[in-house]
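K.L.:
My questions all concern the structure below.
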Amino acid sequence: MGDATDDRGMRRTFIVPAIKSFDHYDFTRAKISCSLTWLVAKAFGSDAVPEDLVEPLYRDQYKQEHLKPPVACLLQSAELYCRAGSLILRSDAVKPLLGHNAVIQALAQKGLYVTDQDRLVTERDLTSTPIHMSSHLALIDTLMMAYTVEMVSVERVMSCINRYSSADLSHGDGHIQELPYDTEDAIATWINKSTDTQFPIAGT
C-alpha cells in the first residue's frame, strides 16, 4: 500500500513540459534545427555524429541562438553535403561528390533542382559569408526529396504490398489497378493498403 501511495505522489508531482502555442512557436528555428540535424545524421551516420555537431545551434549569454561555427564551416565547405549526397545518390555517383556544384548537378540528374524562392541556388550562394541560410535549407530540402525518392520508390512500395497483401491488385470490376505514378502517389497507395482490413500487419 505504501508503494502505491508513493507512486501516486510521484505522478502528481511530475512536471509536464510546456507546450508553446502557435503564436509563440519559432518555425524558422525549428526548420533550421531539424534540417541540420537530419543532414549531419545522414553525413556521419545516426550513431556516429561528432559530439560538437549533435546540437547544431547554441545560445549565447543573451539567450540568443546561433549556428555553431563548426556547423557553418562544414556547410560552406560542402563537406556535409558531399558526405550525405554520396550516400543518398550512390546509385548515380561513380566517384565521391566534391563541392557544392557536384551535389547540385547530381541532384539535377535526378530531375531535382535546388531553388530558393523560384531562383536556382548556386555555389556562390552556398559559400557566401555571412552564411545564406535559406540557400542551405533549399539544398537540404532537395537532398531530403532525393532520399525520399530513393527509399520510397514505386517499385519498393509495390514489392512490399505484394509481399504482405494476399489481395491482388485488381479492382472489383476486374480491371487492373494502375501503378502509382510518383513518390507521393506511392505513399498514398501504401497508406490506403495498410488501412485495408484485408491487409495483414507484419508479425501477425
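Naming works like this for the C-alpha cells: A, B, ... for the chains as they're shown, residue 1 at the start of each chain, ligands 1 onward in shown order.
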What's around A:Leu143 at 10 Å? Count only C-alpha atoms, leave out sequence neighbours fewer than 3 positions away in its own chain, and write the answer as a list in words.

P.N.:
Leu39, Tyr81, Ala84, Gly85, Ile88, Leu89, Val103, Ile104, Leu107, Leu112, Tyr113, Val114, Leu137, Ala138, Leu139, Ile140, Ala146, Tyr147, Thr148 and Val149 of chain A

K.L.:
Would you pick out the contacts of A:Pro180 at 12 Å or less, using only C-alpha atoms, so that residues sharing its chain but fewer than 2 positions from it are not included, and give the list as a list in words?

P.N.:
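The contact residues come out as Val152, Ser153, Val154, Glu155, Arg156, Val157, Met158, Leu169, Gln177, Glu178, Asp182, Thr183, Glu184, Asp185, Ala186, Ile187, Ala188, Thr189, Trp190 and Asn192 of chain A.
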
K.L.:
Quick check, in Å to one decimal: how far apart do atom CA of A:Pro50 and atom CA of A:Met145 lie?

P.N.:
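According to the coordinates, atom CA of A:Pro50 and atom CA of A:Met145 are separated by 24.9 Å.
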
K.L.:
Could you pull the residues within 8 Å of A:Cys82, counting only C-alpha atoms, minus those fewer than 6 positions along the same chain, as a PyMOL selection string?

P.N.:
chain A and resi 43+96-100+103

K.L.:
Limited to C-alpha atoms, could you put the picked residues into a file as a compact mmCIF listing (two decimals), in the first residue's frame?

P.N.:
```
# COMPACT_ATOMS: atom_id res chain seq x y z
CA ALA A 43 26.55 12.62 -43.36
CA PRO A 96 32.57 10.69 -54.47
CA LEU A 97 30.93 14.09 -54.77
CA LEU A 98 33.30 17.03 -54.37
CA GLY A 99 31.93 20.52 -53.84
CA HIS A 100 28.53 22.17 -53.88
CA VAL A 103 25.96 17.85 -55.38
```

K.L.:
Looking at A:Thr127, A:Lys193, A:Thr142, A:Phe27, which one is nearest to A:Ser77, with distances taken over only C-alpha atoms?

P.N.:
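Checking each candidate against A:Ser77, we get A:Thr127 as the closest.
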
K.L.:
List every residue of stretch 30-199 of chain A that DSSP, applied to the backbone, labels as helix (DSSP H, G or I), and write the result as a PyMOL selection string.

P.N.:
chain A and resi 30-44+51-53+69-77+79-88+100-109+123-127+133-151+154-164+183-194
